[in-house]
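Enquirer: Dropping in run_27.txt, with compact mmCIF, N, CA and C atoms.
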```txt
# COMPACT_ATOMS: atom_id res chain seq x y z
N MET G 1 0.82 -1.19 0.00
CA MET G 1 0.00 0.00 0.00
C MET G 1 0.87 1.26 0.00
N VAL G 2 1.91 1.27 0.85
CA VAL G 2 2.80 2.42 0.92
C VAL G 2 3.52 2.60 -0.42
N ARG G 3 3.93 1.48 -1.04
CA ARG G 3 4.61 1.57 -2.34
C ARG G 3 3.67 2.12 -3.41
N LEU G 4 2.43 1.72 -3.35
CA LEU G 4 1.45 2.21 -4.31
C LEU G 4 1.26 3.71 -4.17
N ILE G 5 1.19 4.18 -2.95
CA ILE G 5 1.05 5.62 -2.70
C ILE G 5 2.30 6.36 -3.16
N ALA G 6 3.48 5.81 -2.83
CA ALA G 6 4.73 6.44 -3.23
C ALA G 6 4.83 6.51 -4.75
N ALA G 7 4.45 5.42 -5.42
CA ALA G 7 4.49 5.41 -6.89
C ALA G 7 3.51 6.42 -7.46
N SER G 8 2.36 6.53 -6.86
CA SER G 8 1.36 7.49 -7.32
C SER G 8 1.85 8.92 -7.14
N VAL G 9 2.48 9.18 -6.01
CA VAL G 9 3.02 10.52 -5.74
C VAL G 9 4.12 10.84 -6.74
N MET G 10 4.99 9.88 -7.01
CA MET G 10 6.07 10.12 -7.97
C MET G 10 5.50 10.40 -9.35
N ALA G 11 4.52 9.63 -9.78
CA ALA G 11 3.90 9.86 -11.08
C ALA G 11 3.26 11.24 -11.14
N LEU G 12 2.66 11.64 -10.05
CA LEU G 12 2.06 12.97 -9.99
C LEU G 12 3.11 14.05 -10.15
N PHE G 13 4.23 13.92 -9.43
CA PHE G 13 5.29 14.93 -9.51
C PHE G 13 5.89 14.99 -10.91
N VAL G 14 6.15 13.84 -11.52
CA VAL G 14 6.73 13.82 -12.85
C VAL G 14 5.77 14.43 -13.85
N SER G 15 4.51 14.04 -13.79
CA SER G 15 3.54 14.61 -14.73
C SER G 15 3.32 16.09 -14.47
N LEU G 16 3.35 16.49 -13.21
CA LEU G 16 3.21 17.89 -12.87
C LEU G 16 4.35 18.70 -13.47
N GLY G 17 5.57 18.20 -13.33
CA GLY G 17 6.72 18.90 -13.88
C GLY G 17 6.64 19.03 -15.38
N ALA G 18 6.24 17.97 -16.06
CA ALA G 18 6.10 18.02 -17.52
C ALA G 18 5.01 19.01 -17.91
N ALA G 19 3.91 18.97 -17.20
CA ALA G 19 2.80 19.89 -17.51
C ALA G 19 3.21 21.33 -17.26
N LEU G 20 3.96 21.55 -16.21
CA LEU G 20 4.40 22.91 -15.91
C LEU G 20 5.24 23.47 -17.04
N ALA G 21 6.17 22.67 -17.54
CA ALA G 21 7.04 23.14 -18.62
C ALA G 21 6.25 23.34 -19.90
N GLU G 22 5.26 22.48 -20.15
CA GLU G 22 4.49 22.58 -21.37
C GLU G 22 3.57 23.79 -21.38
N ASP G 23 3.23 24.32 -20.23
CA ASP G 23 2.37 25.50 -20.17
C ASP G 23 3.05 26.74 -20.73
N CYS G 24 4.36 26.78 -20.72
CA CYS G 24 5.10 27.94 -21.19
C CYS G 24 5.27 27.87 -22.70
N VAL G 25 4.86 28.94 -23.37
CA VAL G 25 4.92 28.98 -24.83
C VAL G 25 6.17 29.77 -25.24
N ALA G 26 7.10 29.06 -25.87
CA ALA G 26 8.33 29.69 -26.33
C ALA G 26 8.01 30.69 -27.43
N PRO G 27 8.80 31.76 -27.52
CA PRO G 27 8.56 32.73 -28.59
C PRO G 27 8.81 32.08 -29.94
N GLY G 28 8.23 32.67 -30.97
CA GLY G 28 8.44 32.15 -32.32
C GLY G 28 9.88 32.36 -32.77
N ALA G 29 10.09 32.18 -34.03
CA ALA G 29 11.43 32.35 -34.60
C ALA G 29 11.93 33.78 -34.36
N SER G 30 13.23 33.89 -34.25
CA SER G 30 13.84 35.21 -34.08
C SER G 30 13.50 36.08 -35.29
N PRO G 31 13.28 37.38 -35.05
CA PRO G 31 12.93 38.26 -36.17
C PRO G 31 14.11 38.45 -37.11
N GLU G 32 13.79 38.74 -38.35
CA GLU G 32 14.83 39.05 -39.32
C GLU G 32 15.31 40.47 -39.04
N ILE G 33 16.60 40.61 -38.91
CA ILE G 33 17.19 41.92 -38.61
C ILE G 33 17.55 42.59 -39.94
N PRO G 34 17.10 43.81 -40.17
CA PRO G 34 17.44 44.50 -41.42
C PRO G 34 18.94 44.82 -41.46
N ASP G 35 19.46 44.92 -42.65
CA ASP G 35 20.85 45.31 -42.84
C ASP G 35 20.91 46.83 -42.76
N GLY G 36 21.42 47.33 -41.67
CA GLY G 36 21.45 48.77 -41.45
C GLY G 36 22.23 49.54 -42.50
N ALA G 37 23.15 48.86 -43.18
CA ALA G 37 23.95 49.53 -44.20
C ALA G 37 23.16 49.81 -45.47
N THR G 38 22.03 49.08 -45.65
CA THR G 38 21.25 49.25 -46.88
C THR G 38 19.76 49.45 -46.64
N ALA G 39 19.28 49.24 -45.44
CA ALA G 39 17.84 49.26 -45.14
C ALA G 39 17.26 50.67 -45.26
N THR G 40 15.99 50.71 -45.67
CA THR G 40 15.25 51.97 -45.70
C THR G 40 14.76 52.27 -44.28
N THR G 41 14.28 53.48 -44.11
CA THR G 41 13.71 53.85 -42.81
C THR G 41 12.54 52.94 -42.47
N GLU G 42 11.71 52.65 -43.45
CA GLU G 42 10.55 51.78 -43.22
C GLU G 42 10.99 50.38 -42.79
N GLU G 43 12.04 49.87 -43.42
CA GLU G 43 12.55 48.54 -43.05
C GLU G 43 13.10 48.55 -41.63
N MET G 44 13.75 49.63 -41.26
CA MET G 44 14.29 49.73 -39.89
C MET G 44 13.15 49.80 -38.87
N ILE G 45 12.10 50.54 -39.20
CA ILE G 45 10.94 50.64 -38.29
C ILE G 45 10.27 49.27 -38.16
N ALA G 46 10.09 48.58 -39.28
CA ALA G 46 9.49 47.24 -39.24
C ALA G 46 10.37 46.29 -38.43
N GLY G 47 11.68 46.41 -38.60
CA GLY G 47 12.60 45.58 -37.83
C GLY G 47 12.51 45.87 -36.34
N SER G 48 12.38 47.15 -36.02
CA SER G 48 12.24 47.55 -34.61
C SER G 48 10.97 46.96 -34.01
N GLN G 49 9.88 47.03 -34.75
CA GLN G 49 8.62 46.48 -34.26
C GLN G 49 8.71 44.96 -34.09
N ALA G 50 9.37 44.28 -35.00
CA ALA G 50 9.53 42.83 -34.91
C ALA G 50 10.38 42.46 -33.70
N VAL G 51 11.43 43.23 -33.46
CA VAL G 51 12.29 42.97 -32.31
C VAL G 51 11.52 43.21 -31.01
N ARG G 52 10.73 44.26 -30.96
CA ARG G 52 9.93 44.54 -29.75
C ARG G 52 8.91 43.44 -29.48
N THR G 53 8.28 42.94 -30.53
CA THR G 53 7.33 41.84 -30.37
C THR G 53 8.05 40.59 -29.86
N PHE G 54 9.20 40.29 -30.45
CA PHE G 54 9.99 39.14 -30.03
C PHE G 54 10.42 39.30 -28.57
N GLN G 55 10.83 40.51 -28.21
CA GLN G 55 11.25 40.79 -26.84
C GLN G 55 10.09 40.56 -25.87
N ALA G 56 8.92 41.06 -26.19
CA ALA G 56 7.75 40.90 -25.32
C ALA G 56 7.37 39.42 -25.19
N ASP G 57 7.39 38.69 -26.32
CA ASP G 57 7.08 37.26 -26.28
C ASP G 57 8.11 36.50 -25.44
N THR G 58 9.37 36.87 -25.59
CA THR G 58 10.43 36.20 -24.83
C THR G 58 10.31 36.51 -23.35
N GLU G 59 10.01 37.75 -23.01
CA GLU G 59 9.86 38.10 -21.60
C GLU G 59 8.68 37.37 -20.96
N ALA G 60 7.59 37.21 -21.70
CA ALA G 60 6.45 36.44 -21.19
C ALA G 60 6.85 34.98 -20.97
N TYR G 61 7.61 34.43 -21.89
CA TYR G 61 8.11 33.06 -21.76
C TYR G 61 9.03 32.92 -20.54
N LEU G 62 9.93 33.88 -20.38
CA LEU G 62 10.84 33.85 -19.23
C LEU G 62 10.07 33.96 -17.91
N ASP G 63 9.07 34.81 -17.86
CA ASP G 63 8.25 34.93 -16.66
C ASP G 63 7.56 33.61 -16.34
N CYS G 64 7.06 32.95 -17.38
CA CYS G 64 6.39 31.67 -17.20
C CYS G 64 7.37 30.62 -16.67
N LEU G 65 8.55 30.55 -17.27
CA LEU G 65 9.56 29.59 -16.82
C LEU G 65 9.94 29.84 -15.37
N THR G 66 10.10 31.10 -15.01
CA THR G 66 10.46 31.45 -13.63
C THR G 66 9.35 31.03 -12.66
N ALA G 67 8.11 31.27 -13.04
CA ALA G 67 6.99 30.87 -12.18
C ALA G 67 6.92 29.35 -12.04
N LYS G 68 7.13 28.64 -13.13
CA LYS G 68 7.08 27.18 -13.09
C LYS G 68 8.21 26.63 -12.22
N ASP G 69 9.38 27.25 -12.32
CA ASP G 69 10.50 26.82 -11.49
C ASP G 69 10.19 27.03 -10.01
N ALA G 70 9.57 28.16 -9.69
CA ALA G 70 9.21 28.43 -8.29
C ALA G 70 8.20 27.41 -7.79
N GLU G 71 7.27 27.02 -8.64
CA GLU G 71 6.29 26.00 -8.25
C GLU G 71 6.98 24.66 -7.97
N LEU G 72 7.91 24.29 -8.85
CA LEU G 72 8.64 23.03 -8.65
C LEU G 72 9.52 23.10 -7.40
N GLU G 73 10.14 24.25 -7.17
CA GLU G 73 11.01 24.41 -6.01
C GLU G 73 10.21 24.22 -4.71
N ALA G 74 8.97 24.64 -4.71
CA ALA G 74 8.14 24.54 -3.51
C ALA G 74 7.76 23.10 -3.18
N ILE G 75 7.81 22.21 -4.17
CA ILE G 75 7.41 20.82 -3.93
C ILE G 75 8.43 20.10 -3.06
N GLN G 76 9.68 20.12 -3.40
CA GLN G 76 10.81 19.54 -2.66
C GLN G 76 10.57 18.13 -2.11
N PRO G 77 10.25 17.17 -2.95
CA PRO G 77 10.14 15.80 -2.46
C PRO G 77 11.53 15.17 -2.32
N ALA G 78 11.59 14.05 -1.64
CA ALA G 78 12.86 13.35 -1.44
C ALA G 78 12.96 12.17 -2.40
N GLY G 79 14.12 11.56 -2.47
CA GLY G 79 14.32 10.34 -3.23
C GLY G 79 14.16 10.53 -4.72
N GLU G 80 13.57 9.51 -5.36
CA GLU G 80 13.39 9.53 -6.81
C GLU G 80 12.52 10.69 -7.26
N GLU G 81 11.52 11.02 -6.46
CA GLU G 81 10.66 12.14 -6.82
C GLU G 81 11.47 13.44 -6.86
N GLY G 82 12.36 13.57 -5.89
CA GLY G 82 13.22 14.74 -5.84
C GLY G 82 14.12 14.83 -7.06
N LYS G 83 14.64 13.68 -7.49
CA LYS G 83 15.50 13.66 -8.68
C LYS G 83 14.71 14.06 -9.93
N ALA G 84 13.49 13.59 -10.03
CA ALA G 84 12.66 13.94 -11.18
C ALA G 84 12.36 15.44 -11.20
N ILE G 85 12.04 15.98 -10.04
CA ILE G 85 11.77 17.42 -9.95
C ILE G 85 13.03 18.22 -10.26
N ALA G 86 14.18 17.76 -9.75
CA ALA G 86 15.44 18.45 -10.01
C ALA G 86 15.75 18.46 -11.51
N ALA G 87 15.45 17.36 -12.19
CA ALA G 87 15.68 17.29 -13.64
C ALA G 87 14.76 18.26 -14.37
N LYS G 88 13.52 18.36 -13.95
CA LYS G 88 12.59 19.30 -14.57
C LYS G 88 13.05 20.73 -14.34
N ARG G 89 13.51 21.01 -13.13
CA ARG G 89 13.98 22.37 -12.83
C ARG G 89 15.20 22.69 -13.68
N GLN G 90 16.09 21.73 -13.85
CA GLN G 90 17.29 21.95 -14.66
C GLN G 90 16.89 22.25 -16.11
N ALA G 91 15.90 21.53 -16.62
CA ALA G 91 15.42 21.78 -17.99
C ALA G 91 14.83 23.19 -18.10
N LEU G 92 14.07 23.61 -17.09
CA LEU G 92 13.52 24.96 -17.10
C LEU G 92 14.63 26.01 -17.11
N ILE G 93 15.65 25.78 -16.30
CA ILE G 93 16.79 26.72 -16.23
C ILE G 93 17.50 26.78 -17.57
N GLU G 94 17.72 25.63 -18.20
CA GLU G 94 18.39 25.61 -19.50
C GLU G 94 17.56 26.33 -20.56
N ASN G 95 16.25 26.12 -20.54
CA ASN G 95 15.37 26.83 -21.48
C ASN G 95 15.41 28.33 -21.23
N HIS G 96 15.41 28.71 -19.96
CA HIS G 96 15.48 30.12 -19.58
C HIS G 96 16.78 30.74 -20.11
N ASN G 97 17.90 30.08 -19.85
CA ASN G 97 19.19 30.61 -20.27
C ASN G 97 19.30 30.72 -21.79
N ALA G 98 18.78 29.72 -22.50
CA ALA G 98 18.82 29.75 -23.97
C ALA G 98 17.98 30.91 -24.50
N ALA G 99 16.82 31.15 -23.88
CA ALA G 99 15.97 32.26 -24.31
C ALA G 99 16.64 33.61 -24.06
N VAL G 100 17.30 33.75 -22.92
CA VAL G 100 18.02 34.99 -22.61
C VAL G 100 19.16 35.20 -23.61
N ASP G 101 19.89 34.12 -23.91
CA ASP G 101 20.99 34.23 -24.89
C ASP G 101 20.48 34.68 -26.25
N GLU G 102 19.36 34.11 -26.69
CA GLU G 102 18.80 34.48 -28.00
C GLU G 102 18.28 35.92 -27.98
N LEU G 103 17.66 36.31 -26.89
CA LEU G 103 17.18 37.69 -26.78
C LEU G 103 18.35 38.66 -26.86
N ASN G 104 19.43 38.36 -26.17
CA ASN G 104 20.62 39.21 -26.23
C ASN G 104 21.23 39.25 -27.63
N ARG G 105 21.26 38.10 -28.30
CA ARG G 105 21.80 38.04 -29.66
C ARG G 105 20.98 38.92 -30.60
N VAL G 106 19.66 38.82 -30.51
CA VAL G 106 18.77 39.62 -31.36
C VAL G 106 18.95 41.11 -31.05
N ALA G 107 18.98 41.46 -29.78
CA ALA G 107 19.15 42.88 -29.40
C ALA G 107 20.48 43.43 -29.90
N ASN G 108 21.55 42.67 -29.74
CA ASN G 108 22.86 43.13 -30.20
C ASN G 108 22.90 43.29 -31.71
N ALA G 109 22.28 42.35 -32.43
CA ALA G 109 22.26 42.43 -33.90
C ALA G 109 21.45 43.65 -34.35
N PHE G 110 20.32 43.87 -33.70
CA PHE G 110 19.51 45.04 -34.11
C PHE G 110 20.22 46.34 -33.74
N ASN G 111 20.84 46.39 -32.59
CA ASN G 111 21.58 47.60 -32.20
C ASN G 111 22.70 47.90 -33.20
N GLN G 112 23.37 46.85 -33.70
CA GLN G 112 24.41 47.06 -34.70
C GLN G 112 23.79 47.57 -36.00
N ALA G 113 22.63 47.05 -36.35
CA ALA G 113 21.94 47.51 -37.57
C ALA G 113 21.57 48.99 -37.43
N VAL G 114 21.12 49.40 -36.26
CA VAL G 114 20.78 50.81 -36.02
C VAL G 114 22.04 51.68 -36.15
N ARG G 115 23.14 51.22 -35.57
CA ARG G 115 24.39 52.00 -35.70
C ARG G 115 24.81 52.13 -37.16
N ASP G 116 24.70 51.02 -37.91
CA ASP G 116 25.05 51.06 -39.33
C ASP G 116 24.13 52.00 -40.10
N TYR G 117 22.84 51.96 -39.78
CA TYR G 117 21.86 52.82 -40.44
C TYR G 117 22.18 54.30 -40.15
N LYS G 118 22.43 54.59 -38.89
CA LYS G 118 22.71 55.99 -38.51
C LYS G 118 24.03 56.48 -39.11
N ALA G 119 25.00 55.59 -39.27
CA ALA G 119 26.29 55.98 -39.82
C ALA G 119 26.19 56.46 -41.26
N ARG G 120 25.20 55.99 -42.00
CA ARG G 120 25.07 56.41 -43.39
C ARG G 120 24.10 57.55 -43.60
N GLN G 121 23.53 58.07 -42.50
CA GLN G 121 22.62 59.20 -42.61
C GLN G 121 23.44 60.48 -42.74
N PRO G 122 22.89 61.49 -43.47
CA PRO G 122 23.61 62.75 -43.62
C PRO G 122 23.85 63.40 -42.26
N LYS G 123 25.00 63.96 -42.12
CA LYS G 123 25.36 64.65 -40.87
C LYS G 123 24.78 66.05 -40.88
N ASP G 124 24.21 66.46 -39.75
CA ASP G 124 23.74 67.84 -39.60
C ASP G 124 24.95 68.74 -39.44
N GLU G 125 24.90 69.89 -40.08
CA GLU G 125 26.05 70.79 -39.98
C GLU G 125 25.83 71.86 -38.98
```
Could you render the structure from this file as structure tokens?

Expert:
Amino acid sequence: MVRLIAASVMALFVSLGAALAEDCVAPGASPEIPDGATATTEEMIAGSQAVRTFQADTEAYLDCLTAKDAELEAIQPAGEEGKAIAAKRQALIENHNAAVDELNRVANAFNQAVRDYKARQPKDE
């Protein structure tokens, strides 16, 4: 009877962890960054809007991952259940870090495009 309860609890924790991670919707593909050396003003504005949308989607995803991690952290079971929860938390952390890295890559690429765009604009005298 005790083993049956323990197995049921473990199954609940594992399924809970999987469900928690699945609730978070990752942002879509990274936006296309315009080439600042050749882009029109309209293309730069469209690129800016795409980056802002991507940023907002990524921040919502990161908030979700953080909330799910906090939920898993609060469970703190021992033994095999604890190992399963720790693995789920590690996966959430890895997803979080990858999303932050991609967000930084997109921001840096767009910032470089803006610098390139501004560099070719006529200088005010």

Enquirer: Given only C-alpha atoms as the basis, pick out the residue of G:Val114, G:Val106, G:Asp63, G:Lys83 nearest to Ala50 (chain G).

Expert: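 Once distances to Ala50 (chain G) are computed over only C-alpha atoms, the minimum belongs to G:Val106.
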
Enquirer: Could you please determine the separation between CA of Asp116 (chain G) and CA of Asp35 (chain G) in Å, to one decimal place?

Expert: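 Separation between CA of Asp116 (chain G) and CA of Asp35 (chain G): 7.9 Å.
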
Enquirer: Go through chain G and collect every residue that DSSP, computed from the backbone, puts in helix (DSSP H, G or I); the answer should be as a ChimeraX atom specification.

Expert: /G:2-23,41-75,79-119

Enquirer: So, with all atoms listed in the file as the atoms that count, which of G:Gln121, G:Gln112, G:Gln76, G:Asn95 lies closest to Leu62 (chain G)?

Expert: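 The shortest atom-to-atom distance to Leu62 (chain G) comes from G:Asn95.
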
Enquirer: For region 91-104 of chain G, take all atoms listed in the file, fit an axis-aligned box around them, add 5 Å to each of the six sides, then output centre and edge lengths in Å rounded to one decimal, as AutoDock Vina command-line options.

Expert:
```
--center_x 17.4 --center_y 30.4 --center_z -22.1 --size_x 17.7 --size_y 27.7 --size_z 21.8
```

Enquirer: Quick one: of G:Pro122, G:Tyr61, G:Gly47, G:Arg89, who's nearest to Glu73 (chain G), counting all atoms listed in the file?

Expert: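 Among G:Pro122, G:Tyr61, G:Gly47, G:Arg89, it is G:Arg89 that comes nearest to Glu73 (chain G).
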
Enquirer: Could you state the separation of CA of Val100 (chain G) and CA of Thr40 (chain G) in Å, given to one decimal place?

Expert: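 These atoms are spaced 28.8 Å apart.
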
Enquirer: For Val51 (chain G), which residue among G:Gly28, G:Ala37, G:Cys64, G:Phe110 is the nearest when counting all atoms listed in the file?

Expert: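 Ranking G:Gly28, G:Ala37, G:Cys64, G:Phe110 by distance to Val51 (chain G), first place goes to G:Phe110.
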
Enquirer: Would you compute the distance between atom N of Tyr117 (chain G) and CA of Pro31 (chain G)? Give it in Å to one decimal.

Expert: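 These atoms are spaced 17.3 Å apart.
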